[in-house]
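Visitor: My questions all concern the structure below.
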Amino acid sequence: MKFRAKIVDAACLNHFTRVSNMIAKLAKTCTLRISPRHLNFILSDKVASGGVSMWCELEQENFFNEFQMEGVSAENNAIYLELTSENLSRALKTAQNARALKIKLTNKHFPCLTVSIELLSVSSSSRIVTHDIPIKVIPRKLWKDLQEPTVPDCDVSIYLPVLKTMKSVVERMKNISNHLTEMLHLQIIEANRNGDLNLKIESELVCVTTHFKDLGNPPFASENASQDRNPARMAEVHVDIRKFLQFLSGQQVNPTKAICNIVRNKVVHFDLLHEDVSLQYFIPALS
């Protein structure tokens with residue numbers, strides 16, 4: 001197995017740093033999948049145990065000026081590594097205004113992802129800062145649990161409002177729910193095919209709802225949804241407000257496209273596009 005890559009373009013380096021910061025906010029540890037065309041950051045917590053899952057994909061040619069990799073074999077030309085997300089994000093924080101960034105798979109008493117950053121100094125000579133990020137190489141037999149998640153047929157698909165607005169709404173709702181013990185951090189997300197989205201928390205004593213109108217529904221959604229259903233009928237899902245807020249807190253930049261797919265009482269699937277980086281994030285329903 002071999003992997004080495006280099007970024008010299010400042011805009012690409014900043015974009016890669018933003019992606020890394022987002023992943024660090026969404027997942028404490030994640031799997032990095034390296035293939036000839038893509039890098040993927042994967043979180044595959046078992047939905048059965050109430051965990052979220054994530055699939056983030058970026059095309060390597062949009063970021064890297066040089067990119068070489070050899071997978072475990074010719075027919076399985078990929079590398080799967082487990083790493084602590086914050087270690088990568090912390091290493092890249094030193095790369096602001098860098099001349100170049102190199103990433104390489106190394107073995108220094110233990111397997112590492114070595115990040116070398118070439119910084120400009122005052123005298124215009126450069127100095128190199130190196131970070132060795134410990135990794136765990138994931139064996140081939142475990143790859144089957146780390147494939148792109150299948151998107152279930154949804155009851156309602158809807159465009160999301162500005163994520164920063166949603167985040168401030170959900171933060172306020174979480175503060176209220178902290179004072180109502182019987183609510184147990186329950187967030188209700190509901191939407192219909194008329195472009196309406198509601199965020200709710202409720203208990204026997206209190207119901208707080210924020211309404212978003214005229215958001216629009218993706219064109220393909222109306223073909224998949226059963227035609228006999230009343231478009232005003234809400235599909236709802238109950239999720240852990242802390243997991244929902246963690247997802248919203250990870251979004252530093254408003255995406256180019258943001259869609260929410262609801263499978264009634266089962267799962268909510270967020271599908272985001274940040275320029276050339278796609279993010280799929282699944283939060284299972286609370287039973």
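We label chains A, B, ... in the order they appear in the structure tokens, count residues from 1 in each chain, and number ligands from 1 in the order shown.
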For Cys12 of chain A, list every protein, DNA or RNA residue within 10 Å, evaluated using only C-alpha atoms, and leave out those in the same chain fewer than 3 positions away; present the list as an MDAnalysis selection string.

Guide: chainID A and resid 7:9 15:18 62:65

Visitor: Taking the backbone alone, and naming residues the way the document does, which bits of segment 1-149 of chain A are helix (DSSP H, G or I) by DSSP, as JSON, numbers by chain?

Guide: {"A": [10, 11, 12, 13, 14, 15, 16, 17, 18, 19, 20, 21, 22, 23, 24, 25, 26, 47, 48, 49, 60, 61, 62, 85, 86, 87, 88, 89, 90, 91, 92, 93, 140, 141, 142, 143, 144, 145, 146]}

Visitor: Of the candidates A:Thr165, A:Asn87, A:Ser116, A:Ser157, which one gets nearest to Pro134 of chain A if we count only C-alpha atoms?

Guide: A:Asn87

Visitor: Compare A:Lys93, A:Arg242, A:Lys104, A:Lys141 by their minimum atom-to-atom distance to Ser177 of chain A, counting only C-alpha atoms, and give me the closest one.

Guide: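 Comparing A:Lys93, A:Arg242, A:Lys104, A:Lys141 against Ser177 of chain A, the winner is A:Arg242.
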
Visitor: Quick one: residues within 12 Å of Lys144 of chain A, only C-alpha atoms, excluding same-chain residues fewer than 5 positions away - as an NGL selection string?

Guide: :A and (44 or 80 or 138-139 or 149)

Visitor: Write a file of the just-selected residues containing N, CA and C atoms, as a PDB file, in the first residue's frame.

Guide:
ATOM      1  N   SER A  44     -19.693   5.070  10.241  1.00  0.00           N
ATOM      2  CA  SER A  44     -20.658   3.998  10.042  1.00  0.00           C
ATOM      3  C   SER A  44     -21.104   3.432  11.384  1.00  0.00           C
ATOM      4  N   TYR A  80      -8.241   1.797   3.336  1.00  0.00           N
ATOM      5  CA  TYR A  80      -9.161   2.240   4.385  1.00  0.00           C
ATOM      6  C   TYR A  80      -8.363   2.443   5.676  1.00  0.00           C
ATOM      7  N   ILE A 138      -7.463  -0.577   8.103  1.00  0.00           N
ATOM      8  CA  ILE A 138      -8.638  -1.457   8.236  1.00  0.00           C
ATOM      9  C   ILE A 138      -8.509  -2.613   7.251  1.00  0.00           C
ATOM     10  N   PRO A 139      -8.549  -3.849   7.745  1.00  0.00           N
ATOM     11  CA  PRO A 139      -8.364  -5.002   6.844  1.00  0.00           C
ATOM     12  C   PRO A 139      -9.519  -5.154   5.855  1.00  0.00           C
ATOM     13  N   PRO A 149     -23.765   4.370   1.979  1.00  0.00           N
ATOM     14  CA  PRO A 149     -25.082   3.942   2.457  1.00  0.00           C
ATOM     15  C   PRO A 149     -26.123   4.028   1.340  1.00  0.00           C
TER      16      PRO A 149
END
